[in-house]
Amino acid sequence: MKNKSIKSELISCFYRGNRALYCIIFVATLFSGTLNIIISWIMQQLLDTMSGAPEALPLPQLTKISVWFMLFCIACFLVNLAAKPHFFRRAMEQYKNFAFKKLTEKSISSFGSENTAVYISALSNDAASIESEYLTQQFAIVQQIISFIGAFTLMLLYSPAMTAVAVVLTALPFAASLLTGNRLEGAERRVSEQNAGFVATLKDCLSGFSVVKSFKAEREIYDLFAKSNAALEGKKFDKQRIKILVGMIGSITGLFAQLGVFIAGAYIALSGGTVTPGVVLAFVNLMNFVIQPIAELPGMLAGRKAAIGLIDKLGHTLEENAASGGTEVLEGVSSGICFDDVSFGYDKDAPVLHNISAEFASGKAYAIVGGSGSGKSTLLGLLTAANTGYSGSIKFDGVELRDIRSESLYDIISVIQQNVFVFNASIRDNVTMFRSFANDEVDSAILHAHLSELIEKRGDSYLCGENGAGLSGGEKQRISIARSLLKKSSVLLADEITAALDAQTAHQVASDILSLDGITRIVITHALDEALLRRYDGILVMKNGNIAECGTFDELMAKKGYFYALYTVG
């Protein structure tokens, strides 16, 4: 039911604030569907007038009708020209905006378990298919239906006998189109799924460009890309072949039906029937508007069904892994954070953390150290609710983490990763994350994050480049610190943020974090710098998913245990 609700909301986005334009286009489409019928009637009257048929209208009257008909055609064209582009623009803009908004409402843990390529494909390739096969085609379908009804009605008025012949001859194209058209939905879905895989491969190839070059793996990566590209184009080939097959069968059987009707009309006329040459010509022309819908509508309806399937697929993906979250709201962390007998594993049969118990007092600084694979990053990740499948309890000011609303949790914590993501925007926008703050607040964050020198040298409007390509590692880390200060978070989590920096910059960035007041800081560090370690209020030493030791620098050194060994060897 939830998936149906999301799908319904996605579809309603096309028409929200857009119904007036939709109605205008719909009415214009109804009129447009009659244009070909009217011109068939005019052609019949003109031919019968030329042949001297007794019931034909006089030429002056037909001329006036033709002029009014042309004005009517121009009016329909202008209405579509004015309304259609606006309708499609607003519809697709609202559809993609709504989908992206629902995406941003997911929690870190929900989004982290998903393949981002699925969303990229849904908002690019799939969206284009939905626009062409769902939005655009709905008007074409209406026009085809109106043309069919009008043509069939006029054919009955002209000659019931010839209409009966037409019905028999059009049964073949109808059956052929129906059988082939239904295969299109599955082909469209397979193209969408393969496109998501192609996007994922492309992202990997581009993101790992430096690794590819350093290992001279260009040929292998090219083969990987080419294989994925060939698979996508293969699925698109299958889809295109089905579409062409539908059209080809419709065209061939349509020509057969038209020729049959023409022969039947000629036979009736030569046998002394009441069918005039103008009626035969009009009949053959009207057959186009009977056969064309029969040949094309199954494919159109299948395309529409396939597009609705893509909307349903996006709705399902948006609903999938949606975090239920808690209901508790915290304004900050005033007493501290407590781990009580916490165990966790990404695989239930292979735990990473074992019976972790620890306390982090509010406003103090803590370092987490240990060898690679000891569980440091996993422990820090649990604090961001990246995974709530742990046993035991994690409490913020006595409130269980799983009971806290995700929005509230993200209000009180900030995370600085080793690889800080920087948008291709100005330094100021990267600090403020595109939100509005008072100038003095921004200036204060920049000052305390030691970004002032960068601002003075390049200006706060300097574009940082794709993922901060125009900045050094230390500058990106300081932007991340400034973000946290401006956000006024109660808790700052830092994961190996100095690992890729030179010694001087690393020391300065770590010192900047330790100098922050009123914030609970939990820092994973590999750099065992005595001057910095002495400034932490506590150090947790991890080994094989356990807390081997904890205490201040002096206390741990005095024990001459595992930390002492790490420090002296390091």
# chains A, B, ... in the order shown; residues from 1 in each chain; ligands from 1

$ residues_around --residues "Ile356 in chain A" --least-positions-apart "5" --cutoff "12 Å" --atoms "only C-alpha atoms" --output "PyMOL selection string"
chain A and resi 338-344+351+375-376+378-379+382+390-394+540-550

$ closest_residue --among "A:Leu78, A:Leu46, A:Ile294, A:Val280" --to "Ile149 in chain A" --atoms "only C-alpha atoms"
A:Ile294

$ residues_around --residues "range 426-441 of chain A" --least-positions-apart "5" --cutoff "7 Å" --atoms "only C-alpha atoms" --output "ChimeraX atom specification"
/A:460-464,479,482-483,486

$ atom_distance --atom1 "CA of Ser66 in chain A" --atom2 "CA of Leu47 in chain A"
13.8 Å

$ residues_around --residues "Lys364 in chain A" --least-positions-apart "6" --cutoff "12 Å" --atoms "only C-alpha atoms" --output "ChimeraX atom specification"
/A:333-337,490-492,513-523,535-539

$ residues_around --residues "Val569 in chain A" --least-positions-apart "4" --cutoff "12 Å" --atoms "only C-alpha atoms" --output "ChimeraX atom specification"
/A:371,528,562-565

$ atom_distance --atom1 "CA of Gln94 in chain A" --atom2 "CA of Leu123 in chain A"
11.8 Å

$ select_by_dssp --residues "range 127-346 of chain A" --states "alpha helix (DSSP H)" --output "PyMOL selection string"
chain A and resi 127-130+137-158+160-181+184-207+209-214+218-270+277-319

$ residues_around --residues "Val420 in chain A" --least-positions-apart "2" --cutoff "10 Å" --atoms "only C-alpha atoms" --output "count of residues only"
17

$ closest_residue --among "A:Val369, A:Leu281, A:Ile481, A:Ala82" --to "Phe553 in chain A" --atoms "only C-alpha atoms"
A:Val369

$ residues_around --residues "Met43 in chain A" --least-positions-apart "2" --cutoff "12 Å" --atoms "only C-alpha atoms" --output "PyMOL selection string"
chain A and resi 36-41+45-50+56-57+59+62-63+65-66+277-286

$ atom_distance --atom1 "CA of Ser489 in chain A" --atom2 "CA of Ala445 in chain A"
12.3 Å

$ closest_residue --among "A:Gln44, A:Ser406, A:Thr163, A:Thr136" --to "Lys106 in chain A" --atoms "only C-alpha atoms"
A:Ser406
